[in-house]
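Chemist: To be precise about what I am sending: the file is called start_29.cif and holds mmCIF, C-alpha atoms.
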```cif
data_start
#
loop_
_atom_site.label_atom_id
_atom_site.label_comp_id
_atom_site.auth_asym_id
_atom_site.auth_seq_id
_atom_site.Cartn_x
_atom_site.Cartn_y
_atom_site.Cartn_z
CA MET A 102 16.89 79.72 3.16
CA VAL A 103 13.34 79.57 4.45
CA LEU A 104 11.70 77.18 6.90
CA THR A 105 8.71 75.19 5.62
CA ARG A 106 5.55 73.92 7.26
CA GLY A 107 4.46 71.66 4.42
CA ASN A 108 4.36 73.96 1.40
CA CYS A 109 7.27 75.18 -0.65
CA PRO A 110 7.98 78.65 0.74
CA TYR A 111 8.66 79.89 -2.81
CA CYS A 112 6.14 78.33 -5.23
CA LYS A 113 3.63 77.22 -2.52
CA ARG A 114 3.43 73.65 -3.88
CA LYS A 115 2.15 71.25 -1.20
CA LEU A 116 5.11 69.07 -0.37
CA PHE A 117 3.73 66.75 2.30
CA ASN A 118 1.45 66.54 5.28
CA TYR A 119 3.52 68.36 7.84
CA ASN A 120 3.69 66.92 11.35
CA PRO A 121 6.23 68.89 13.42
CA GLY A 122 6.58 65.99 15.87
CA THR A 123 8.01 63.70 13.19
CA TRP A 124 11.71 62.96 13.62
CA LYS A 125 13.51 61.91 10.43
CA TYR A 126 17.20 61.48 9.79
CA GLY A 127 19.00 63.19 6.94
CA SER A 128 19.74 66.63 5.66
CA PRO A 129 17.32 69.34 6.83
CA ILE A 130 18.12 71.21 3.62
CA ARG A 131 15.59 69.98 1.08
CA SER A 132 14.75 71.03 -2.49
CA CYS A 133 11.29 71.55 -3.93
CA ILE A 134 10.58 69.07 -6.72
CA LYS A 135 8.73 71.78 -8.67
CA CYS A 136 10.81 74.96 -8.44
CA LYS A 137 14.07 73.30 -7.26
CA LYS A 138 14.67 75.97 -4.60
CA LYS A 139 16.08 74.97 -1.22
CA TYR A 140 14.25 75.22 2.08
CA ILE A 141 14.70 73.97 5.67
CA ASP A 142 12.59 71.05 6.89
CA MET A 143 12.92 70.86 10.69
CA ARG A 144 11.62 67.26 10.72
CA TYR A 145 15.03 66.14 9.42
CA HIS A 146 18.01 65.89 11.74
CA GLU A 147 21.70 65.41 11.12
CA ILE A 148 22.74 62.76 13.63
CA VAL A 149 26.21 64.27 13.92
CA ILE A 150 24.63 67.53 15.09
CA ASP A 151 21.37 66.54 16.83
CA GLY A 152 22.02 62.93 17.77
CA ILE A 153 19.18 60.44 17.72
CA ARG A 154 15.72 60.95 19.16
CA GLN A 155 15.61 60.45 22.92
CA ASN A 156 14.57 56.88 23.82
CA ALA A 157 15.01 55.70 20.22
CA LEU A 158 17.01 52.72 21.50
CA SER A 159 14.98 52.11 24.64
CA ALA A 160 13.73 48.53 24.93
CA ASP A 161 11.57 49.72 27.85
CA GLU A 162 9.72 52.18 25.59
CA ALA A 163 9.09 49.42 23.05
CA ALA A 164 7.89 47.07 25.81
CA ILE A 165 5.45 49.75 26.99
CA GLY A 166 4.16 49.95 23.41
CA VAL A 167 3.64 46.18 23.36
CA LEU A 168 1.78 46.32 26.65
CA GLY A 169 -0.31 49.34 25.62
CA GLY A 170 -1.26 47.77 22.30
CA THR A 171 -2.18 44.50 23.98
CA VAL A 172 -4.37 46.24 26.56
CA LEU A 173 -6.05 48.37 23.89
CA ALA A 174 -6.79 45.31 21.74
CA ALA A 175 -8.04 43.28 24.70
CA ILE A 176 -10.39 46.01 25.93
CA PHE A 177 -11.97 46.81 22.59
CA PHE A 178 -12.16 43.25 21.29
CA GLY A 179 -13.66 42.34 24.68
CA ILE A 180 -16.28 45.06 24.27
CA THR A 181 -17.02 43.77 20.78
CA TYR A 182 -17.31 40.18 21.98
CA PHE A 183 -19.69 41.01 24.82
CA THR A 184 -21.92 43.34 22.81
CA MET A 185 -22.24 40.68 20.12
CA LYS A 186 -23.09 38.04 22.75
CA LEU A 187 -25.64 40.27 24.46
CA ASP A 188 -27.55 41.80 21.57
CA GLY A 189 -25.96 40.51 18.36
CA SER A 190 -24.54 43.88 17.33
CA TYR A 191 -21.18 45.58 17.66
CA TYR A 192 -19.66 49.04 17.66
CA PRO A 193 -17.53 49.59 14.54
CA MET A 194 -15.34 52.05 16.45
CA ALA A 195 -14.58 49.37 19.08
CA VAL A 196 -13.48 46.99 16.31
CA LEU A 197 -11.34 49.72 14.76
CA LEU A 198 -9.69 50.52 18.10
CA GLY A 199 -9.06 46.82 18.70
CA VAL A 200 -7.35 46.54 15.32
CA ALA A 201 -5.32 49.67 16.13
CA GLY A 202 -4.21 47.98 19.36
CA VAL A 203 -3.04 44.91 17.43
CA ILE A 204 -1.11 47.11 14.98
CA ILE A 205 0.55 49.03 17.83
CA MET A 206 1.43 45.74 19.50
CA ILE A 207 3.00 44.26 16.34
CA VAL A 208 4.98 47.40 15.50
CA SER A 209 6.23 47.59 19.08
CA ILE A 210 7.24 43.91 19.10
CA VAL A 211 9.24 44.42 15.89
CA ASP A 212 10.86 47.55 17.37
CA PHE A 213 11.65 45.69 20.61
CA LEU A 214 13.29 42.84 18.69
CA ARG A 215 15.30 45.27 16.53
CA ILE A 216 16.54 47.01 19.69
CA ILE A 217 17.54 43.89 21.62
CA THR A 218 19.23 42.27 18.59
CA GLY A 219 21.19 45.44 17.84
CA ALA A 220 19.68 45.86 14.36
CA LYS A 221 18.30 49.30 15.21
CA LYS A 222 21.68 50.46 16.61
CA ARG A 223 23.42 49.26 13.43
CA ARG A 224 20.94 51.29 11.37
CA PHE A 225 21.71 54.40 13.41
CA ASP A 226 25.44 53.73 12.99
CA LYS A 227 24.98 53.71 9.19
CA LEU A 228 22.97 56.93 9.37
CA GLN A 229 25.74 58.47 11.50
CA ILE A 230 28.31 57.62 8.81
CA LYS A 231 26.12 59.19 6.10
CA SER A 232 25.64 62.30 8.24
CA ASP A 233 29.40 62.54 8.78
CA GLN A 234 29.99 62.19 5.03
CA ARG A 235 27.52 65.00 4.25
CA LEU A 236 29.17 67.28 6.79
CA GLN A 237 32.62 66.60 5.32
CA ASP A 238 31.46 68.87 2.49
CA LYS A 239 32.57 72.29 3.78
CA ASN A 240 29.94 74.12 1.69
CA TYR A 241 27.15 72.01 3.20
CA ALA A 242 28.53 72.52 6.73
CA GLN A 243 28.71 76.29 6.14
CA GLU A 244 25.17 76.30 4.75
CA LEU A 245 23.88 74.60 7.91
CA LEU A 246 25.86 77.00 10.07
CA SER A 247 24.43 80.00 8.19
CA VAL A 248 20.85 78.91 8.98
CA GLY A 249 21.55 78.43 12.68
CA TYR A 250 22.71 74.85 13.15
CA ASP A 251 25.41 74.21 15.75
CA VAL A 252 27.88 72.53 13.40
CA PRO A 253 30.85 70.92 15.16
CA GLU A 254 34.10 72.83 14.62
CA LYS A 255 35.83 69.89 12.91
CA TYR A 256 33.50 70.25 9.88
CA LEU A 257 34.04 74.00 9.34
#
```
Starting from the coordinates I provided, produce the structure as structure tokens.
Modeler:
Amino acid sequence: MVLTRGNCPYCKRKLFNYNPGTWKYGSPIRSCIKCKKKYIDMRYHEIVIDGIRQNALSADEAAIGVLGGTVLAAIFFGITYFTMKLDGSYYPMAVLLGVAGVIIMIVSIVDFLRIITGAKKRRFDKLQIKSDQRLQDKNYAQELLSVGYDVPEKYL
């Protein structure tokens, strides 16, 4: 099986915009929707093998996101306010960055609430069960092993 960077390694069909920093949960063995051949997508991780992304359940990280988004929004909306007061114009990029700050703040608040209520942990628990079920299939476990994954002995 071949590793992909966004195109099917066999038929070259563009599969997605590849961002290697993305961390998704599920089987790293994917199939092309066009040619149906299998390839490895390193953005996907089996929780049973790789665990969850570091700091995924960190309320502190989410709180930093809330703070960062708030500061970003305050700075750029402040710039917009003062430039409009002074000369009646504004910088579109400042408005855009202010909106981005609000979006970051909202997403981080939701993440923070999901962490402190345990909703995010419950989601990871469900993903862990699905990962365990996939690895119960000996053929799948052997396939992962053959492409270099450190499959726990109990699944082989």
Chemist: Would you list the contacts of region 228-242 of chain A as a ChimeraX atom specification, taking every protein, DNA or RNA residue within 9 Å and counting all atoms listed in the file, but skipping same-chain residues closer than 6 positions in sequence?
Modeler: /A:126-128,147-150,152,250,252-253,255-257
Chemist: Please evaluate the PyMOL selection byres ((chain A and resi 113) around 12) against the displayed coordinates and give the resulting residues as a VMD selection string.
Modeler: chain A and resid 105 to 112 114 to 117 133 to 136 138 140
Chemist: Evaluate the PyMOL selection byres ((chain A and resi 102) around 9) against this structure - the residues, as a ChimeraX atom specification, please.
Modeler: /A:103-104,130,138-141,248
Chemist: Keeping only C-alpha atoms, write those residues as a PDB file, in the coordinates of the input.
Modeler:
```
ATOM      1  CA  VAL A 103      13.340  79.570   4.450  1.00  0.00           C
ATOM      2  CA  LEU A 104      11.700  77.180   6.900  1.00  0.00           C
ATOM      3  CA  ILE A 130      18.120  71.210   3.620  1.00  0.00           C
ATOM      4  CA  LYS A 138      14.670  75.970  -4.600  1.00  0.00           C
ATOM      5  CA  LYS A 139      16.080  74.970  -1.220  1.00  0.00           C
ATOM      6  CA  TYR A 140      14.250  75.220   2.080  1.00  0.00           C
ATOM      7  CA  ILE A 141      14.700  73.970   5.670  1.00  0.00           C
ATOM      8  CA  VAL A 248      20.850  78.910   8.980  1.00  0.00           C
TER       9      VAL A 248
END
```
Chemist: Compare A:Met143, A:Leu214, A:Ala201, A:Ala220 by their minimum atom-to-atom distance to Leu173 (chain A), counting only C-alpha atoms, and give me the closest one.
Modeler: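 Nearest to Leu173 (chain A): A:Ala201.
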Chemist: Between CA of Gly219 (chain A) and CA of His146 (chain A), measure the distance and give it in Å to one decimal.
Modeler: 21.6 Å
Chemist: Which distance in Å separates CA of Asn118 (chain A) and CA of Gly169 (chain A), to one decimal?
Modeler: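 Between these atoms lies a distance of 26.7 Å.
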